[in-house]
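Trainee: For reference, this is protein35.txt, and it has compact mmCIF, C-alpha atoms.
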```
# COMPACT_ATOMS: atom_id res chain seq x y z
CA MET A 1 -8.21 -11.54 -25.46
CA LYS A 2 -5.08 -12.12 -23.49
CA VAL A 3 -5.09 -11.09 -19.81
CA THR A 4 -2.26 -11.25 -17.28
CA VAL A 5 -3.56 -12.00 -13.80
CA LYS A 6 -1.48 -11.44 -10.68
CA TYR A 7 -2.18 -12.65 -7.15
CA PHE A 8 -0.70 -11.31 -3.94
CA ALA A 9 -0.28 -12.17 -0.26
CA SER A 10 -2.78 -14.71 1.17
CA ILE A 11 -4.46 -15.16 -2.23
CA ARG A 12 -1.12 -15.88 -3.95
CA GLU A 13 -0.26 -18.40 -1.22
CA ALA A 14 -3.63 -20.17 -1.38
CA LEU A 15 -3.49 -20.48 -5.17
CA GLY A 16 0.18 -21.45 -5.18
CA THR A 17 1.00 -19.09 -8.05
CA PRO A 18 1.95 -15.40 -8.33
CA ASP A 19 0.61 -14.86 -11.84
CA GLU A 20 -0.77 -16.43 -15.01
CA THR A 21 -1.64 -15.37 -18.53
CA LEU A 22 -4.99 -16.53 -19.81
CA GLU A 23 -7.40 -16.19 -22.69
CA SER A 24 -10.70 -14.69 -21.61
CA SER A 25 -13.82 -13.22 -23.13
CA ALA A 26 -14.90 -11.64 -19.84
CA PRO A 27 -16.00 -8.07 -20.57
CA THR A 28 -15.37 -6.74 -17.07
CA LEU A 29 -13.25 -7.32 -13.97
CA GLY A 30 -16.25 -8.80 -12.20
CA ALA A 31 -16.89 -11.23 -15.06
CA LEU A 32 -13.25 -12.32 -14.97
CA ARG A 33 -13.55 -12.93 -11.22
CA ASP A 34 -16.62 -15.09 -11.95
CA GLU A 35 -14.67 -17.04 -14.60
CA LEU A 36 -11.93 -17.75 -12.07
CA ILE A 37 -14.47 -18.71 -9.37
CA ALA A 38 -16.00 -21.14 -11.87
CA ARG A 39 -12.72 -23.09 -11.88
CA GLY A 40 -13.80 -24.25 -8.43
CA SER A 41 -11.44 -25.54 -5.77
CA ARG A 42 -9.16 -22.91 -4.24
CA TYR A 43 -10.13 -20.26 -6.79
CA ALA A 44 -13.78 -20.53 -5.76
CA GLU A 45 -12.74 -20.28 -2.13
CA VAL A 46 -10.35 -17.32 -2.16
CA LEU A 47 -12.24 -15.22 -4.73
CA ALA A 48 -15.71 -16.08 -3.37
CA ARG A 49 -18.30 -13.30 -3.35
CA GLY A 50 -18.55 -11.83 0.13
CA ARG A 51 -14.83 -12.17 0.76
CA ALA A 52 -12.81 -8.98 1.00
CA VAL A 53 -10.93 -9.08 -2.30
CA ARG A 54 -9.51 -5.94 -3.88
CA VAL A 55 -9.04 -5.76 -7.62
CA ALA A 56 -6.65 -3.67 -9.70
CA LEU A 57 -6.77 -3.09 -13.46
CA ASN A 58 -3.50 -1.96 -15.05
CA GLN A 59 -2.12 -1.22 -11.57
CA SER A 60 -4.99 0.98 -10.37
CA LEU A 61 -7.62 -0.08 -7.84
CA SER A 62 -10.79 -0.54 -9.85
CA ALA A 63 -14.45 -1.37 -9.51
CA GLU A 64 -15.62 -4.73 -10.87
CA SER A 65 -17.54 -2.90 -13.58
CA ALA A 66 -14.21 -1.81 -15.15
CA VAL A 67 -13.87 -2.98 -18.76
CA LEU A 68 -11.06 -5.33 -19.76
CA VAL A 69 -8.99 -4.81 -22.91
CA ASP A 70 -6.57 -7.10 -24.72
CA GLY A 71 -3.21 -7.25 -23.00
CA CYS A 72 -4.41 -5.76 -19.72
CA GLU A 73 -3.00 -6.61 -16.29
CA VAL A 74 -5.42 -7.59 -13.55
CA ALA A 75 -4.53 -8.24 -9.91
CA PHE A 76 -6.50 -9.82 -7.07
CA PHE A 77 -5.36 -9.26 -3.50
CA PRO A 78 -6.64 -9.02 0.10
CA PRO A 79 -7.07 -5.67 1.92
CA VAL A 80 -3.73 -3.92 2.19
CA THR A 81 -1.75 -3.71 5.44
CA GLY A 82 1.33 -1.59 4.80
CA GLY A 83 2.65 1.43 6.66
CA MET B 1 5.30 23.85 -6.23
CA VAL B 2 6.98 20.49 -6.66
CA ASP B 3 10.68 21.12 -6.25
CA VAL B 4 11.87 17.54 -6.07
CA ASN B 5 12.52 15.36 -9.07
CA PRO B 6 9.43 13.11 -9.23
CA SER B 7 11.65 10.06 -9.65
CA SER B 8 13.05 10.62 -6.16
CA ARG B 9 9.76 11.15 -4.36
CA VAL B 10 9.02 7.45 -3.78
CA SER B 11 11.35 4.59 -2.92
CA ILE B 12 10.40 0.97 -2.28
CA GLN B 13 13.48 -0.77 -0.97
CA ALA B 14 14.81 -3.61 1.19
CA GLN B 15 17.55 -1.53 2.79
CA ASP B 16 17.16 0.79 5.77
CA PHE B 17 16.97 4.58 5.39
CA ASN B 18 18.67 7.50 7.14
CA VAL B 19 16.03 9.98 8.31
CA SER B 20 18.46 12.89 8.72
CA ALA B 21 19.91 12.43 5.24
CA GLU B 22 16.43 12.18 3.73
CA ILE B 23 15.26 15.36 5.47
CA ALA B 24 18.40 17.22 4.36
CA ALA B 25 17.81 16.13 0.75
CA LEU B 26 14.15 17.10 0.92
CA ARG B 27 14.93 20.56 2.32
CA ALA B 28 17.69 20.99 -0.27
CA ASN B 29 18.62 24.43 1.09
CA ASP B 30 15.19 25.72 0.11
CA HIS B 31 14.96 29.07 1.92
CA ARG B 32 11.16 29.03 1.82
CA VAL B 33 11.00 25.97 4.11
CA GLY B 34 10.06 26.76 7.70
CA ALA B 35 8.74 23.34 8.71
CA VAL B 36 9.60 19.70 8.16
CA CYS B 37 7.22 17.05 9.43
CA CYS B 38 8.35 13.49 9.43
CA PHE B 39 6.68 10.20 10.37
CA VAL B 40 8.62 6.97 10.86
CA GLY B 41 6.78 3.67 11.28
CA THR B 42 8.67 0.84 13.01
CA VAL B 43 8.13 -2.88 13.62
CA ARG B 44 6.36 -3.39 16.96
CA ASP B 45 6.58 -6.64 18.93
CA ARG B 46 2.80 -7.00 19.31
CA ASN B 47 -0.17 -6.63 17.04
CA GLY B 48 -3.03 -4.68 18.59
CA ALA B 49 -2.97 -3.86 22.32
CA ALA B 50 0.53 -3.63 23.72
CA THR B 51 0.24 -6.49 26.19
CA LYS B 52 -1.98 -8.87 24.22
CA GLY B 53 -1.33 -11.32 21.45
CA PRO B 54 1.76 -13.37 20.69
CA VAL B 55 5.21 -11.77 20.54
CA ILE B 56 6.18 -10.95 16.98
CA GLN B 57 9.66 -12.14 16.07
CA SER B 58 9.90 -10.72 12.58
CA MET B 59 7.77 -9.45 9.74
CA GLU B 60 7.75 -10.10 5.99
CA LEU B 61 6.51 -7.29 3.77
CA GLU B 62 5.19 -8.07 0.29
CA HIS B 63 4.19 -5.48 -2.32
CA TYR B 64 2.95 -5.13 -5.88
CA PRO B 65 5.94 -3.77 -7.83
CA GLY B 66 4.91 -1.01 -10.20
CA MET B 67 1.50 -0.39 -8.71
CA THR B 68 2.96 0.53 -5.33
CA GLU B 69 5.10 3.32 -6.77
CA LYS B 70 2.25 4.52 -8.99
CA ALA B 71 -0.21 4.61 -6.08
CA ILE B 72 2.12 6.55 -3.78
CA GLU B 73 3.08 9.02 -6.53
CA ALA B 74 -0.65 9.72 -6.96
CA MET B 75 -1.03 10.21 -3.19
CA ILE B 76 1.80 12.76 -3.17
CA ASP B 77 0.21 14.59 -6.12
CA GLU B 78 -3.04 14.71 -4.14
CA ALA B 79 -1.24 16.01 -1.02
CA LEU B 80 0.41 18.76 -3.11
CA ARG B 81 -3.04 19.75 -4.42
CA ARG B 82 -4.68 19.77 -1.00
CA PHE B 83 -2.04 21.35 1.20
CA ASP B 84 0.29 24.32 0.89
CA ILE B 85 3.46 22.21 0.99
CA PHE B 86 6.70 22.32 -0.99
CA ALA B 87 7.79 18.71 -1.24
CA ALA B 88 7.14 15.22 0.08
CA ARG B 89 9.15 12.02 0.27
CA VAL B 90 7.94 8.47 0.96
CA ILE B 91 10.17 5.47 1.58
CA HIS B 92 8.69 2.04 2.32
CA ARG B 93 10.74 -1.04 3.05
CA VAL B 94 9.89 -4.54 1.84
CA GLY B 95 11.23 -8.00 2.59
CA LEU B 96 12.16 -9.41 6.00
CA LEU B 97 12.20 -6.94 8.90
CA GLN B 98 12.94 -7.41 12.59
CA THR B 99 11.25 -5.76 15.58
CA THR B 100 12.45 -2.17 16.12
CA ASP B 101 13.38 -1.86 12.40
CA GLN B 102 12.15 1.19 10.51
CA ILE B 103 9.41 0.33 7.96
CA VAL B 104 8.15 3.57 6.49
CA LEU B 105 9.14 7.22 6.21
CA VAL B 106 6.87 10.09 5.22
CA ALA B 107 8.50 13.54 5.22
CA VAL B 108 6.93 16.82 4.15
CA THR B 109 8.20 20.40 3.93
CA SER B 110 6.17 23.62 4.10
CA ALA B 111 6.48 27.25 5.18
CA HIS B 112 4.53 26.71 8.41
CA ARG B 113 3.99 23.64 10.59
CA GLY B 114 0.25 23.19 10.13
CA GLU B 115 0.42 22.19 6.48
CA SER B 116 3.28 19.75 7.05
CA PHE B 117 1.55 18.06 9.98
CA GLN B 118 -1.65 17.69 7.98
CA ALA B 119 -0.04 16.49 4.77
CA CYS B 120 2.10 13.97 6.67
CA GLU B 121 -0.93 12.45 8.38
CA PHE B 122 -2.94 12.53 5.15
CA LEU B 123 -0.19 10.62 3.31
CA MET B 124 0.05 7.99 6.04
CA ASP B 125 -3.73 7.52 6.22
CA TYR B 126 -3.83 7.17 2.46
CA LEU B 127 -0.87 4.80 2.31
CA LYS B 128 -2.26 2.52 5.04
CA THR B 129 -5.43 1.79 3.07
CA GLN B 130 -4.57 2.32 -0.62
CA ALA B 131 -0.96 1.26 -1.22
CA PRO B 132 -0.53 -2.44 -2.10
CA PHE B 133 1.62 -3.74 0.76
CA TRP B 134 0.91 -6.79 2.91
CA LYS B 135 2.48 -7.74 6.25
CA LYS B 136 3.03 -11.27 7.44
CA GLU B 137 4.01 -11.72 11.07
CA GLN B 138 6.24 -14.48 12.37
CA THR B 139 5.61 -15.60 15.94
CA ALA B 140 6.70 -18.65 17.98
CA SER B 141 3.56 -20.48 16.83
CA GLY B 142 4.03 -19.78 13.13
CA SER B 143 3.32 -17.03 10.64
CA GLN B 144 0.13 -15.25 9.73
CA TRP B 145 -1.06 -12.45 7.47
CA VAL B 146 -1.96 -9.26 9.31
CA ASP B 147 -5.63 -8.26 9.13
CA ALA B 148 -6.56 -4.83 7.79
CA ARG B 149 -8.17 -2.51 10.34
CA VAL B 150 -11.48 -0.71 10.05
CA SER B 151 -9.91 2.14 12.06
CA ASP B 152 -7.60 2.84 9.10
CA ASP B 153 -10.59 3.24 6.76
CA VAL B 154 -12.12 5.59 9.34
CA ALA B 155 -8.88 7.60 9.45
CA LEU B 156 -8.95 8.07 5.67
CA ALA B 157 -12.63 9.03 5.73
CA ARG B 158 -11.72 12.06 7.87
CA TRP B 159 -10.14 13.52 4.73
CA GLY B 160 -13.36 13.12 2.78
CA ILE B 161 -12.16 9.99 1.01
CA ALA B 162 -14.50 7.04 1.23
CA ALA B 163 -12.42 4.20 -0.16
CA SER B 164 -12.98 1.07 1.87
CA ASN B 165 -10.01 -1.27 2.21
CA VAL B 166 -11.43 -3.79 4.66
CA GLY B 167 -14.42 -4.57 2.43
```
Mind turning the file's structure into structure tokens?

Mentor:
Amino acid sequence: MKVTVKYFASIREALGTPDETLESSAPTLGALRDELIARGSRYAEVLARGRAVRVALNQSLSAESAVLVDGCEVAFFPPVTGG
Amino acid sequence: MVDVNPSSRVSIQAQDFNVSAEIAALRANDHRVGAVCCFVGTVRDRNGAATKGPVIQSMELEHYPGMTEKAIEAMIDEALRRFDIFAARVIHRVGLLQTTDQIVLVAVTSAHRGESFQACEFLMDYLKTQAPFWKKEQTASGSQWVDARVSDDVALARWGIAASNVG
């Protein structure tokens, strides 16, 4: 399935890209994170388990158990600091 | 009891805002309103304790277009469910801001002050930990992303919402 992935703030800077569209068979958000970590390099570093990374599915904060569907939008970002 | 067009409840914008004009629009000659509570966040010249840390020259605010509006709309819906208020308005600026600039406005109307005070604080606590904004500070020695604070998660927990931001 096709998934649009967006990155924000320090994660966007470290990866050098704001978004990408990819083909994935990952069933869940957590599995997609693992797929990206498996790319190694900066992806493995900024998305590493144990790092504070928040994940949104279709623009709502979601648990990593959330199920992906074709055409969905996923975002990875650090803890928020607005206000 | 939502008397404001939902499309005008939330604004994410680069330009500054006029607090008096926003309050006037929110009150909209509603004769039931007996209280308006308003919070304005501004760009401080230090992060953390007032006399520690490098002097902040400016601040860049990034957000997640689409999700930001959706998240704050949901927060306002929740505030309207929890508190006996008439209307709420949230404006958050993005882009490059200078010290002393206004960043955020939360304004709430109600019949009596208690509900407005509570809803205003609830909305700010929620926004600080659940709305996708990120601050980057510029100082003489370079720029750095601002760290999220545990104290903000604690503030939200007071409302019975356990949604950790810091991780």

Trainee: I'd like the interatomic distance between CA of Leu26 (chain B) and CA of Ile103 (chain B), to a tenth of an Å.

Mentor: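 Separation between CA of Leu26 (chain B) and CA of Ile103 (chain B): 18.8 Å.
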
Trainee: Work out how far apart CA of Leu57 (chain A) and CA of Gly30 (chain A) are and give it in Å to one decimal.

Mentor: 11.1 Å

Trainee: Excluding same-chain residues fewer than 6 positions from Asp34 (chain A), what lies within 12 Å of it counting only C-alpha atoms, as a ChimeraX atom specification?

Mentor: /A:24-28,40,43-49,64

Trainee: Distance cut-off 6 Å, counting all atoms listed in the file - which residues of chain A neighbour chain B? Return them as a VMD selection string.

Mentor: chain A and resid 52 59 79 to 83

Trainee: For Met1 (chain A), work out the shell of residues within 8 Å, counting only C-alpha atoms and skipping chain neighbours fewer than 2 positions away, then give it as a PyMOL selection string.

Mentor: chain A and resi 3+23-25+69-71

Trainee: Using only C-alpha atoms, which of B:Asn47, B:Thr100, B:Ala163, B:Arg113 sits nearest Ala63 (chain A)?

Mentor: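 When distances to Ala63 (chain A) are compared using only C-alpha atoms, the smallest one comes from B:Ala163.
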
Trainee: To one decimal place in Å, what is the distance between CA of Gln57 (chain B) and CA of Glu13 (chain A)?

Mentor: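 So the two atoms, CA of Gln57 (chain B) and CA of Glu13 (chain A), lie 20.9 Å apart.
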
Trainee: Would you mind telling me which residue in B:Ala111, B:Leu80, B:Ile72, B:Ala14 lies nearest to Arg32 (chain B) when using only C-alpha atoms?

Mentor: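 Answer, going by the shortest atom-to-atom distance: B:Ala111.
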
Trainee: Give me the residues within 9 Å of Pro18 (chain A) as a PyMOL selection string, counting only C-alpha atoms and dropping any in the same chain fewer than 2 places off.

Mentor: chain A and resi 5-9+11-13+15-16+20

Trainee: Could you list, as a PDB file with C-alpha atoms, in the frame of the given file, every residue within 10 Å of Ser62 (chain A), counting only C-alpha atoms and ignoring same-chain residues fewer than 5 positions away?

Mentor:
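Output saved as out_29.pdb:
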```pdb
ATOM      1  CA  LEU A  29     -13.250  -7.320 -13.970  1.00  0.00           C
ATOM      2  CA  ARG A  54      -9.510  -5.940  -3.880  1.00  0.00           C
ATOM      3  CA  VAL A  55      -9.040  -5.760  -7.620  1.00  0.00           C
ATOM      4  CA  ALA A  56      -6.650  -3.670  -9.700  1.00  0.00           C
ATOM      5  CA  LEU A  57      -6.770  -3.090 -13.460  1.00  0.00           C
ATOM      6  CA  VAL A  67     -13.870  -2.980 -18.760  1.00  0.00           C
ATOM      7  CA  VAL A  74      -5.420  -7.590 -13.550  1.00  0.00           C
ATOM      8  CA  ALA A  75      -4.530  -8.240  -9.910  1.00  0.00           C
TER       9      ALA A  75
END
```

Trainee: Just checking: using all atoms listed in the file, which residue out of B:Asp16, B:Glu78, B:Asp30, B:Glu121 ends up closest to Thr109 (chain B)?

Mentor: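 Result for the nearest residue to Thr109 (chain B): B:Asp30.
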
Trainee: Check the smallest atom-to-atom distance from each of B:Cys120, B:Ala107, B:Met75, B:Val55 to Ile161 (chain B) using all atoms listed in the file, then report the winner.

Mentor: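 Of B:Cys120, B:Ala107, B:Met75, B:Val55, the one nearest Ile161 (chain B), counting all atoms listed in the file, is B:Met75.
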
Trainee: Closest to Glu22 (chain B) among B:Ala155, B:Leu96, B:Ala162, B:Ala87, using only C-alpha atoms?

Mentor: B:Ala87

Trainee: Which one is closest to Phe83 (chain B): B:Thr99, B:Ala119, B:Val108, B:Ile23? Count all atoms listed in the file.

Mentor: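 Going through B:Thr99, B:Ala119, B:Val108, B:Ile23 one by one, the smallest distance to Phe83 (chain B) is for B:Ala119.
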
Trainee: What lies within 10 Å of Ala24 (chain B) using only C-alpha atoms, ignoring chain neighbours under 5 positions off, as a PDB file with C-alpha atoms, in the coordinates of the input?

Mentor:
```
ATOM      1  CA  VAL B  19      16.030   9.980   8.310  1.00  0.00           C
ATOM      2  CA  ASN B  29      18.620  24.430   1.090  1.00  0.00           C
ATOM      3  CA  VAL B  36       9.600  19.700   8.160  1.00  0.00           C
TER       4      VAL B  36
END
```
